[in-house]
>>> print(open('model.txt').read())   # compact mmCIF, C-alpha atoms
# COMPACT_ATOMS: atom_id res chain seq x y z
CA MET T 271 70.35 -99.66 -36.05
CA SER T 272 68.17 -102.45 -34.65
CA GLU T 273 66.73 -105.44 -36.44
CA ALA T 274 63.11 -106.51 -36.85
CA THR T 275 62.53 -109.90 -35.22
CA GLU T 276 59.59 -110.76 -37.44
CA THR T 277 59.83 -111.84 -41.06
CA THR T 278 56.15 -111.43 -41.97
CA MET T 279 53.50 -108.82 -41.32
CA ALA T 280 49.73 -108.63 -41.27
CA CYS T 281 48.34 -106.22 -43.86
CA TYR T 282 45.33 -105.37 -46.00
CA LEU T 283 46.40 -106.33 -49.52
CA VAL T 284 44.58 -105.12 -52.64
CA GLU T 285 45.02 -107.26 -55.76
CA LEU T 286 43.54 -107.20 -59.26
CA ASP T 287 41.74 -110.20 -60.73
CA ASP T 288 41.92 -111.36 -64.35
CA GLN T 289 39.30 -108.76 -65.31
CA GLY T 290 41.23 -105.93 -63.66
CA ARG T 291 38.84 -105.63 -60.72
CA ALA T 292 40.29 -104.80 -57.31
CA HIS T 293 39.79 -107.08 -54.32
CA GLY T 294 41.13 -106.32 -50.87
CA ARG T 295 41.64 -108.74 -47.99
CA PRO T 296 43.52 -109.09 -44.71
CA THR T 297 46.50 -111.37 -45.21
CA SER T 298 50.15 -111.88 -44.33
CA GLN T 299 53.10 -110.76 -46.43
CA PRO T 300 56.88 -111.02 -46.01
CA LEU T 301 58.68 -107.96 -44.70
CA ASP T 302 60.90 -108.23 -47.75
CA ALA T 303 57.90 -107.18 -49.87
CA LEU T 304 58.14 -103.65 -48.41
CA PRO T 305 59.79 -101.02 -50.61
CA GLU T 306 63.27 -99.66 -50.05
CA GLY T 307 63.64 -96.95 -47.44
CA ASP T 308 65.82 -95.66 -44.62
CA VAL T 309 63.37 -96.24 -41.79
CA LEU T 310 61.34 -99.33 -40.82
CA ILE T 311 58.40 -98.50 -38.55
CA ARG T 312 56.12 -100.83 -36.60
CA VAL T 313 52.68 -99.28 -37.09
CA ALA T 314 50.45 -98.77 -34.06
CA TYR T 315 47.69 -96.85 -35.84
CA SER T 316 46.71 -95.72 -39.31
CA SER T 317 43.46 -94.16 -40.48
CA LEU T 318 40.84 -94.39 -43.21
CA ASN T 319 40.62 -91.45 -45.61
CA TYR T 320 38.56 -91.08 -48.77
CA LYS T 321 41.75 -91.47 -50.81
CA ASP T 322 42.42 -94.78 -49.03
CA ALA T 323 38.97 -96.04 -49.96
CA LEU T 324 39.62 -95.14 -53.60
CA SER T 325 42.94 -96.99 -53.52
CA ALA T 326 41.34 -100.01 -51.88
CA THR T 327 38.76 -100.23 -54.67
CA GLY T 328 41.29 -99.97 -57.49
CA ASN T 329 41.08 -96.30 -58.46
CA ARG T 330 43.98 -95.78 -60.90
CA GLY T 331 44.01 -92.05 -60.22
CA VAL T 332 45.32 -92.86 -56.73
CA THR T 333 47.17 -96.16 -57.18
CA ARG T 334 48.62 -97.45 -60.44
CA HIS T 335 50.52 -100.51 -59.25
CA PHE T 336 49.03 -103.62 -57.67
CA PRO T 337 49.20 -105.63 -55.45
CA HIS T 338 49.11 -102.75 -53.02
CA VAL T 339 48.63 -101.89 -49.34
CA PRO T 340 46.66 -98.63 -48.83
CA GLY T 341 46.96 -96.23 -45.90
CA ILE T 342 48.22 -92.68 -46.44
CA ASP T 343 48.80 -92.26 -42.68
CA ALA T 344 50.92 -94.24 -40.22
CA ALA T 345 52.11 -93.73 -36.65
CA GLY T 346 54.33 -96.09 -34.75
CA THR T 347 57.78 -96.95 -33.42
CA VAL T 348 61.06 -97.05 -35.32
CA VAL T 349 62.44 -100.59 -35.54
CA GLU T 350 65.38 -100.03 -37.90
CA SER T 351 66.97 -96.83 -39.19
CA ARG T 352 69.85 -96.12 -41.56
CA SER T 353 69.34 -92.42 -40.97
CA PRO T 354 71.05 -90.62 -38.07
CA LYS T 355 67.87 -88.57 -37.65
CA PHE T 356 65.93 -91.49 -36.17
CA SER T 357 66.67 -94.20 -33.63
CA PRO T 358 65.06 -97.56 -32.80
CA GLY T 359 62.34 -97.10 -30.20
CA GLN T 360 61.54 -93.54 -31.30
CA LYS T 361 57.87 -92.70 -31.86
CA VAL T 362 57.19 -91.17 -35.25
CA LEU T 363 54.47 -90.49 -37.80
CA VAL T 364 54.19 -90.36 -41.58
CA THR T 365 51.51 -88.58 -43.60
CA GLY T 366 51.40 -87.67 -47.26
CA PHE T 367 54.16 -87.97 -49.86
CA ASP T 368 53.60 -91.28 -51.70
CA LEU T 369 52.67 -93.38 -48.67
CA GLY T 370 49.61 -95.52 -49.40
CA GLN T 371 49.39 -94.39 -53.01
CA ASN T 372 52.04 -96.31 -54.93
CA THR T 373 54.22 -97.01 -51.90
CA TRP T 374 52.81 -99.64 -49.53
CA GLY T 375 51.05 -97.80 -46.73
CA GLY T 376 49.84 -97.85 -43.17
CA TRP T 377 47.28 -100.65 -43.36
CA ALA T 378 50.05 -103.02 -42.30
CA GLN T 379 52.03 -103.88 -39.20
CA TYR T 380 55.10 -102.31 -40.78
CA VAL T 381 55.98 -99.57 -43.25
CA ARG T 382 59.40 -98.84 -44.72
CA VAL T 383 59.87 -95.27 -45.97
CA PRO T 384 62.51 -92.65 -46.79
CA SER T 385 63.67 -90.71 -43.73
CA GLY T 386 62.59 -87.53 -45.52
CA TRP T 387 58.96 -88.56 -45.02
CA VAL T 388 59.19 -89.14 -41.26
CA VAL T 389 58.20 -86.67 -38.52
CA PRO T 390 59.03 -87.23 -34.83
CA LEU T 391 55.87 -87.60 -32.76
CA PRO T 392 55.26 -84.11 -31.33
CA GLU T 393 55.26 -83.64 -27.60
CA GLY T 394 51.71 -83.68 -26.29
CA LEU T 395 50.32 -86.28 -28.71
CA SER T 396 50.06 -90.04 -28.40
CA LEU T 397 50.40 -92.22 -31.48
CA ARG T 398 46.64 -92.75 -31.48
CA GLU T 399 45.94 -89.02 -31.19
CA SER T 400 48.30 -88.25 -34.06
CA MET T 401 46.20 -90.50 -36.30
CA ILE T 402 42.97 -88.84 -35.16
CA PHE T 403 44.56 -85.89 -36.92
CA GLY T 404 46.32 -87.80 -39.71
CA THR T 405 46.32 -86.35 -43.22
CA ALA T 406 42.86 -84.89 -42.62
CA GLY T 407 44.03 -82.93 -39.60
CA PHE T 408 47.26 -81.89 -41.27
CA THR T 409 45.29 -80.57 -44.26
CA ALA T 410 42.96 -78.70 -41.92
CA ALA T 411 45.96 -77.25 -40.06
CA MET T 412 47.53 -76.06 -43.31
CA SER T 413 44.24 -74.31 -44.08
CA VAL T 414 44.20 -72.68 -40.65
CA GLU T 415 47.80 -71.55 -41.10
CA ALA T 416 46.96 -69.98 -44.47
CA ILE T 417 44.09 -68.05 -42.89
CA LEU T 418 46.24 -66.79 -40.01
CA HIS T 419 49.07 -65.91 -42.42
CA HIS T 420 46.69 -63.53 -44.18
CA ASP T 421 46.02 -61.65 -40.94
CA VAL T 422 42.48 -62.94 -40.49
CA THR T 423 41.59 -62.85 -36.78
CA PRO T 424 38.45 -63.74 -34.81
CA GLU T 425 37.61 -60.03 -34.88
CA SER T 426 37.59 -60.10 -38.71
CA GLY T 427 34.29 -61.96 -38.84
CA GLU T 428 32.79 -65.37 -39.52
CA VAL T 429 34.72 -68.28 -41.01
CA VAL T 430 32.82 -70.84 -43.09
CA VAL T 431 33.84 -74.50 -43.37
CA THR T 432 32.23 -76.54 -46.15
CA GLY T 433 31.91 -80.32 -46.09
CA ALA T 434 32.19 -79.91 -42.34
CA SER T 435 31.19 -83.43 -41.32
CA GLY T 436 34.14 -85.02 -43.14
CA GLY T 437 37.61 -85.57 -41.71
CA VAL T 438 39.20 -82.32 -42.93
CA GLY T 439 36.07 -80.26 -42.33
CA SER T 440 35.41 -81.50 -38.82
CA LEU T 441 39.01 -80.93 -37.73
CA ALA T 442 39.00 -77.46 -39.30
CA VAL T 443 35.84 -76.62 -37.34
CA ALA T 444 37.44 -77.89 -34.12
CA MET T 445 40.75 -76.06 -34.57
CA LEU T 446 39.26 -72.75 -35.71
CA SER T 447 36.79 -72.83 -32.83
CA LYS T 448 39.64 -73.51 -30.39
CA LEU T 449 41.38 -70.40 -31.74
CA GLY T 450 38.33 -68.27 -31.01
CA PHE T 451 36.78 -67.93 -34.47
CA ARG T 452 33.03 -67.90 -34.99
CA VAL T 453 32.69 -70.88 -37.30
CA VAL T 454 29.75 -71.58 -39.57
CA ALA T 455 29.80 -75.26 -40.49
CA ILE T 456 28.16 -76.33 -43.76
CA SER T 457 26.82 -79.87 -43.95
CA GLY T 458 24.17 -81.64 -45.99
CA LYS T 459 23.75 -84.21 -43.22
CA PRO T 460 21.16 -83.12 -40.62
CA HIS T 461 22.24 -85.92 -38.28
CA ALA T 462 25.73 -84.37 -38.14
CA HIS T 463 24.60 -80.98 -36.84
CA ASP T 464 24.83 -81.83 -33.13
CA PHE T 465 28.29 -83.33 -33.70
CA LEU T 466 29.49 -80.11 -35.36
CA ARG T 467 28.10 -77.95 -32.56
CA GLN T 468 29.91 -80.19 -30.09
CA LEU T 469 33.15 -79.44 -31.97
CA GLY T 470 32.54 -75.73 -31.49
CA ALA T 471 30.57 -74.57 -34.53
CA ALA T 472 28.59 -71.45 -33.66
CA GLU T 473 26.14 -72.15 -36.49
CA VAL T 474 25.41 -75.15 -38.71
CA ALA T 475 23.75 -74.62 -42.08
CA GLY T 476 22.77 -76.67 -45.10
CA ARG T 477 24.50 -76.79 -48.46
CA ASP T 478 22.13 -74.26 -50.03
CA THR T 479 23.80 -71.57 -47.95
CA VAL T 480 26.84 -71.80 -50.23
CA ASN T 481 25.27 -72.89 -53.52
CA ASP T 482 24.27 -69.78 -55.41
CA THR T 483 23.55 -70.59 -59.07
CA SER T 484 23.06 -67.02 -60.27
CA ASP T 485 25.53 -65.32 -62.60
CA LYS T 486 26.23 -62.48 -60.18
CA PRO T 487 29.98 -61.85 -60.09
CA LEU T 488 29.78 -60.77 -56.43
CA LEU T 489 27.40 -61.65 -53.61
CA ARG T 490 26.90 -60.03 -50.22
CA GLY T 491 30.21 -60.20 -48.40
CA ARG T 492 29.80 -62.40 -45.32
CA TRP T 493 32.88 -64.55 -44.76
CA ALA T 494 36.19 -63.29 -43.39
CA ALA T 495 37.74 -66.61 -44.34
CA ALA T 496 36.80 -70.08 -45.53
CA VAL T 497 38.00 -73.66 -45.56
CA ASP T 498 36.47 -75.34 -48.60
CA THR T 499 36.64 -79.13 -48.88
CA VAL T 500 34.05 -79.38 -51.67
CA GLY T 501 35.12 -77.43 -54.76
CA GLY T 502 32.87 -76.77 -57.76
CA ASN T 503 30.04 -74.27 -57.39
CA THR T 504 30.34 -74.37 -53.61
CA LEU T 505 33.83 -72.90 -53.83
CA ALA T 506 32.71 -70.34 -56.40
CA THR T 507 29.84 -69.26 -54.15
CA VAL T 508 32.12 -68.97 -51.12
CA ILE T 509 34.62 -66.82 -53.04
CA ARG T 510 31.86 -64.51 -54.30
CA SER T 511 30.51 -64.23 -50.73
CA THR T 512 33.70 -63.18 -48.98
CA LYS T 513 34.46 -59.87 -47.31
CA HIS T 514 37.33 -57.60 -48.29
CA HIS T 515 40.79 -59.17 -47.87
CA ALA T 516 39.38 -62.58 -47.01
CA CYS T 517 41.37 -65.80 -47.35
CA VAL T 518 39.83 -68.93 -48.86
CA ALA T 519 41.73 -72.20 -48.36
CA ALA T 520 40.70 -74.76 -50.99
CA CYS T 521 41.51 -78.43 -50.44
CA GLY T 522 38.73 -80.57 -51.94
CA LEU T 523 36.95 -81.51 -55.14
CA VAL T 524 34.08 -83.83 -54.21
CA GLY T 525 31.64 -81.21 -55.55
CA GLY T 526 33.45 -80.82 -58.87
CA VAL T 527 36.73 -79.66 -60.38
CA GLU T 528 35.36 -76.73 -62.36
CA MET T 529 33.79 -73.45 -61.27
CA SER T 530 32.37 -70.38 -62.97
CA LEU T 531 33.95 -67.23 -61.59
CA THR T 532 35.08 -63.74 -62.59
CA VAL T 533 38.15 -61.90 -61.38
CA PHE T 534 36.02 -59.38 -59.44
CA PRO T 535 36.37 -61.02 -55.99
CA PHE T 536 40.15 -60.84 -56.38
CA ILE T 537 40.56 -57.33 -57.81
CA LEU T 538 37.65 -55.56 -56.09
CA ARG T 539 37.73 -57.25 -52.69
CA GLY T 540 41.33 -58.42 -52.57
CA VAL T 541 40.33 -62.01 -51.85
CA CYS T 542 43.17 -64.52 -51.62
CA LEU T 543 42.57 -68.08 -52.83
CA CYS T 544 45.09 -70.51 -51.28
CA GLY T 545 45.44 -74.02 -52.65
CA ILE T 546 46.20 -76.65 -50.01
CA ASP T 547 48.31 -79.65 -51.06
CA SER T 548 49.22 -81.61 -47.94
CA ALA T 549 50.91 -84.51 -49.74
CA GLU T 550 53.97 -82.53 -50.83
CA TRP T 551 54.24 -80.05 -47.96
CA PRO T 552 58.02 -79.67 -47.31
CA ILE T 553 59.31 -81.97 -44.59
CA GLN T 554 61.28 -79.08 -43.03
CA ARG T 555 58.03 -77.28 -42.21
CA ARG T 556 56.05 -80.23 -40.92
CA PRO T 557 57.33 -80.58 -37.33
CA ALA T 558 56.46 -76.96 -36.45
CA LEU T 559 52.93 -77.34 -37.78
CA TRP T 560 52.47 -80.64 -35.95
CA GLN T 561 53.60 -78.96 -32.75
CA LYS T 562 50.88 -76.33 -33.17
CA MET T 563 48.35 -79.13 -33.69
CA ALA T 564 49.57 -80.81 -30.50
CA GLY T 565 49.58 -77.54 -28.57
CA PRO T 566 47.55 -74.34 -28.98
CA TRP T 567 45.46 -75.59 -31.93
CA ARG T 568 44.58 -78.93 -30.34
CA PRO T 569 40.81 -79.48 -29.93
CA ASN T 570 39.71 -79.93 -26.34
CA ASP T 571 38.60 -83.53 -26.85
CA LEU T 572 40.18 -85.25 -29.83
CA GLU T 573 38.35 -88.51 -29.11
CA THR T 574 35.06 -86.77 -29.94
CA LEU T 575 36.21 -86.84 -33.57
CA VAL T 576 36.61 -90.63 -33.69
CA ALA T 577 33.75 -92.42 -35.42
CA LYS T 578 35.27 -95.90 -35.20
CA THR T 579 38.47 -97.80 -34.49
CA VAL T 580 38.71 -100.88 -36.70
CA THR T 581 41.00 -103.82 -37.36
CA LEU T 582 42.15 -105.00 -40.78
CA GLU T 583 39.35 -107.57 -40.75
CA GLN T 584 36.73 -104.82 -40.33
CA LEU T 585 37.94 -102.57 -43.15
CA ASP T 586 35.67 -103.82 -45.95
CA GLU T 587 32.51 -102.46 -44.36
CA VAL T 588 33.88 -99.01 -43.49
CA ILE T 589 35.48 -98.61 -46.93
CA GLN T 590 32.01 -98.83 -48.45
CA GLN T 591 30.60 -96.50 -45.81
CA ILE T 592 33.11 -93.74 -46.49
CA LEU T 593 32.60 -94.04 -50.26
CA LYS T 594 28.84 -93.56 -49.68
CA GLY T 595 29.42 -90.53 -47.44
CA GLU T 596 28.08 -92.31 -44.38
CA ILE T 597 31.03 -91.63 -42.05
CA ILE T 598 31.02 -88.61 -39.76
CA GLY T 599 34.42 -87.85 -38.24
CA ARG T 600 37.52 -90.03 -38.29
CA VAL T 601 38.10 -93.78 -38.62
CA LEU T 602 41.24 -95.18 -37.00
CA VAL T 603 42.81 -98.41 -38.23
CA ARG T 604 44.70 -100.71 -35.87
CA PRO T 605 46.75 -103.02 -38.12
CA GLY T 606 48.56 -104.99 -35.43
CA ASP T 607 47.89 -106.53 -32.08
CA GLU T 608 47.29 -104.62 -28.89
CA LYS T 609 51.01 -104.78 -27.97
CA ALA T 610 51.79 -102.40 -30.84
CA THR T 611 49.30 -99.78 -29.66
CA GLU T 612 49.18 -97.54 -26.63
CA PRO T 613 46.38 -96.32 -24.34
>>> encode(input="model.txt", output="structure tokens")
Amino acid sequence: MSEATETTMACYLVELDDQGRAHGRPTSQPLDALPEGDVLIRVAYSSLNYKDALSATGNRGVTRHFPHVPGIDAAGTVVESRSPKFSPGQKVLVTGFDLGQNTWGGWAQYVRVPSGWVVPLPEGLSLRESMIFGTAGFTAAMSVEAILHHDVTPESGEVVVTGASGGVGSLAVAMLSKLGFRVVAISGKPHAHDFLRQLGAAEVAGRDTVNDTSDKPLLRGRWAAAVDTVGGNTLATVIRSTKHHACVAACGLVGGVEMSLTVFPFILRGVCLCGIDSAEWPIQRRPALWQKMAGPWRPNDLETLVAKTVTLEQLDEVIQQILKGEIIGRVLVRPGDEKATEP
């Protein structure tokens, strides 16, 4: 067990004013303000996800307790450990569980977490690259694993990815393309089409492709599998448009939490609907999936997915951009100085 030499840390702190409105700002806080945990990590990189933006603007569905430091992802170096599983100097990452929700998260120079949340940095990834993946990439990888588990292969047919310009969608496009699938990327942003083709999408189409408003219980079967990050009628349309024995991985709700659907896709076509919950994925299964992401599933050029790398002082602007749907790809957050990062 080592000891941290610093007593304070830079962080992005979100506080509520007298009217209950959230205000975030870069500031300094004592290390003692961090929660209890077995492992203290000096953070090299975090990332900006939609859930982080909600937390930073006071959304009580994500964060109930303030003041708070958002950041559901963190990658860095162990400084102190009371767990025999981790040693000072070891490079590690944390995604999911309660990090950045009601436990102070990665938008800080340090995080302190239970050892059961920590994953050793997989061979083949730098700390920066692990945060290009982050929760978004881990969610996409879980979706890919669900599809492969249901014996869907590139020979089975086309795979559709909805909300493809977002973090989960873009990484799903990249990983599925790397594995040889013919991917149809759905995006309502025409300026994102070239980006998605660069990631490997064989075809890019608009939202109307997967927005059938008829009451037909089944549509022409086109998709061998799907990664849906949207929900609502988009998900219902995708399910009704699948081929026999298709797998649909559902991981988003920006398009709505309800959908109108019959049982016919499931009992006449044998479609499997797999819910993806990356936050509570068992820690025992995480290292193996991360190793696939670092190895055979790794996109050819991860840096292509990076929209911006920002400091704590630059977060306010990009928080508003991601809430407005203006970000294409991934935003990395560098909470400390350059000494804490790596090339």
>>> residues_around(input="model.txt", residues="T:Asp421", least_positions_apart="5", cutoff="12 Å", atoms="all atoms listed in the file", output="PDB file with C-alpha atoms, keeping the file's coordinate frame")
ATOM      1  CA  VAL T 414      44.200 -72.680 -40.650  1.00  0.00           C
ATOM      2  CA  GLU T 415      47.800 -71.550 -41.100  1.00  0.00           C
ATOM      3  CA  ALA T 416      46.960 -69.980 -44.470  1.00  0.00           C
ATOM      4  CA  SER T 426      37.590 -60.100 -38.710  1.00  0.00           C
ATOM      5  CA  GLY T 427      34.290 -61.960 -38.840  1.00  0.00           C
ATOM      6  CA  ALA T 494      36.190 -63.290 -43.390  1.00  0.00           C
ATOM      7  CA  ALA T 495      37.740 -66.610 -44.340  1.00  0.00           C
ATOM      8  CA  HIS T 515      40.790 -59.170 -47.870  1.00  0.00           C
ATOM      9  CA  ALA T 516      39.380 -62.580 -47.010  1.00  0.00           C
ATOM     10  CA  CYS T 517      41.370 -65.800 -47.350  1.00  0.00           C
ATOM     11  CA  CYS T 542      43.170 -64.520 -51.620  1.00  0.00           C
TER      12      CYS T 542
END
>>> closest_residue(input="model.txt", among="T:Arg312, T:Ala549, T:Gly525, T:Ile456", to="T:Leu369", atoms="all atoms listed in the file")
T:Ala549
>>> atom_distance(input="model.txt", atom1="atom CA of T:Gly294", atom2="atom CA of T:Ser316")
16.6 Å
>>> closest_residue(input="model.txt", among="T:Val332, T:Ala564, T:Val383, T:Cys281", to="T:Pro305", atoms="all atoms listed in the file")
T:Val383
>>> closest_residue(input="model.txt", among="T:Gly470, T:Pro384, T:Gly376, T:Pro390", to="T:Gln360", atoms="all atoms listed in the file")
T:Pro390
>>> closest_residue(input="model.txt", among="T:Gly606, T:Gly450, T:Gly328, T:Gly545", to="T:Pro569", atoms="only C-alpha atoms")
T:Gly450
>>> closest_residue(input="model.txt", among="T:Ala455, T:Ala472, T:Leu395, T:Val349", to="T:Gly565", atoms="all atoms listed in the file")
T:Leu395
>>> residues_around(input="model.txt", residues="T:Gln299", least_positions_apart="3", cutoff="7 Å", atoms="all atoms listed in the file", output="list in words")
Thr278, Met279, Ala280 and Ala303 of chain T
>>> atom_distance(input="model.txt", atom1="atom CA of T:Thr574", atom2="atom CA of T:Ser396")
15.4 Å
>>> atom_distance(input="model.txt", atom1="atom CA of T:Thr373", atom2="atom CA of T:Thr581")
20.8 Å
>>> build_atoms(input="model.txt", residues="stretch 434-453 of chain T", atoms="N, CA and C atoms", output="JSON list (two decimals), in the frame of the given file")
[["chain", "number", "residue", "atom", "x", "y", "z"],
["T", 434, "ALA", "N", 31.68, -79.97, -43.71],
["T", 434, "ALA", "CA", 32.19, -79.91, -42.34],
["T", 434, "ALA", "C", 32.10, -81.23, -41.59],
["T", 435, "SER", "N", 31.30, -82.17, -42.05],
["T", 435, "SER", "CA", 31.19, -83.43, -41.32],
["T", 435, "SER", "C", 32.27, -84.43, -41.70],
["T", 436, "GLY", "N", 33.05, -84.15, -42.74],
["T", 436, "GLY", "CA", 34.14, -85.02, -43.14],
["T", 436, "GLY", "C", 35.36, -84.85, -42.26],
["T", 437, "GLY", "N", 36.41, -85.61, -42.55],
["T", 437, "GLY", "CA", 37.61, -85.57, -41.71],
["T", 437, "GLY", "C", 38.27, -84.21, -41.70],
["T", 438, "VAL", "N", 38.56, -83.64, -42.87],
["T", 438, "VAL", "CA", 39.20, -82.32, -42.93],
["T", 438, "VAL", "C", 38.27, -81.25, -42.36],
["T", 439, "GLY", "N", 37.02, -81.28, -42.78],
["T", 439, "GLY", "CA", 36.07, -80.26, -42.33],
["T", 439, "GLY", "C", 35.86, -80.26, -40.84],
["T", 440, "SER", "N", 35.67, -81.43, -40.25],
["T", 440, "SER", "CA", 35.41, -81.50, -38.82],
["T", 440, "SER", "C", 36.62, -81.03, -38.01],
["T", 441, "LEU", "N", 37.81, -81.38, -38.45],
["T", 441, "LEU", "CA", 39.01, -80.93, -37.73],
["T", 441, "LEU", "C", 39.25, -79.44, -37.93],
["T", 442, "ALA", "N", 38.90, -78.90, -39.10],
["T", 442, "ALA", "CA", 39.00, -77.46, -39.30],
["T", 442, "ALA", "C", 38.04, -76.72, -38.38],
["T", 443, "VAL", "N", 36.82, -77.23, -38.26],
["T", 443, "VAL", "CA", 35.84, -76.62, -37.34],
["T", 443, "VAL", "C", 36.41, -76.62, -35.92],
["T", 444, "ALA", "N", 36.95, -77.77, -35.49],
["T", 444, "ALA", "CA", 37.44, -77.89, -34.12],
["T", 444, "ALA", "C", 38.62, -76.96, -33.85],
["T", 445, "MET", "N", 39.57, -76.89, -34.79],
["T", 445, "MET", "CA", 40.75, -76.06, -34.57],
["T", 445, "MET", "C", 40.43, -74.57, -34.63],
["T", 446, "LEU", "N", 39.63, -74.17, -35.60],
["T", 446, "LEU", "CA", 39.26, -72.75, -35.71],
["T", 446, "LEU", "C", 38.46, -72.30, -34.49],
["T", 447, "SER", "N", 37.57, -73.16, -34.02],
["T", 447, "SER", "CA", 36.79, -72.83, -32.83],
["T", 447, "SER", "C", 37.70, -72.68, -31.62],
["T", 448, "LYS", "N", 38.69, -73.59, -31.51],
["T", 448, "LYS", "CA", 39.64, -73.51, -30.39],
["T", 448, "LYS", "C", 40.39, -72.19, -30.41],
["T", 449, "LEU", "N", 40.65, -71.66, -31.61],
["T", 449, "LEU", "CA", 41.38, -70.40, -31.74],
["T", 449, "LEU", "C", 40.49, -69.17, -31.59],
["T", 450, "GLY", "N", 39.22, -69.38, -31.31],
["T", 450, "GLY", "CA", 38.33, -68.27, -31.01],
["T", 450, "GLY", "C", 37.50, -67.74, -32.16],
["T", 451, "PHE", "N", 37.56, -68.38, -33.33],
["T", 451, "PHE", "CA", 36.78, -67.93, -34.47],
["T", 451, "PHE", "C", 35.31, -68.34, -34.33],
["T", 452, "ARG", "N", 34.44, -67.52, -34.87],
["T", 452, "ARG", "CA", 33.03, -67.90, -34.99],
["T", 452, "ARG", "C", 32.89, -68.69, -36.29],
["T", 453, "VAL", "N", 32.67, -69.98, -36.16],
["T", 453, "VAL", "CA", 32.69, -70.88, -37.30],
["T", 453, "VAL", "C", 31.26, -71.24, -37.70]]
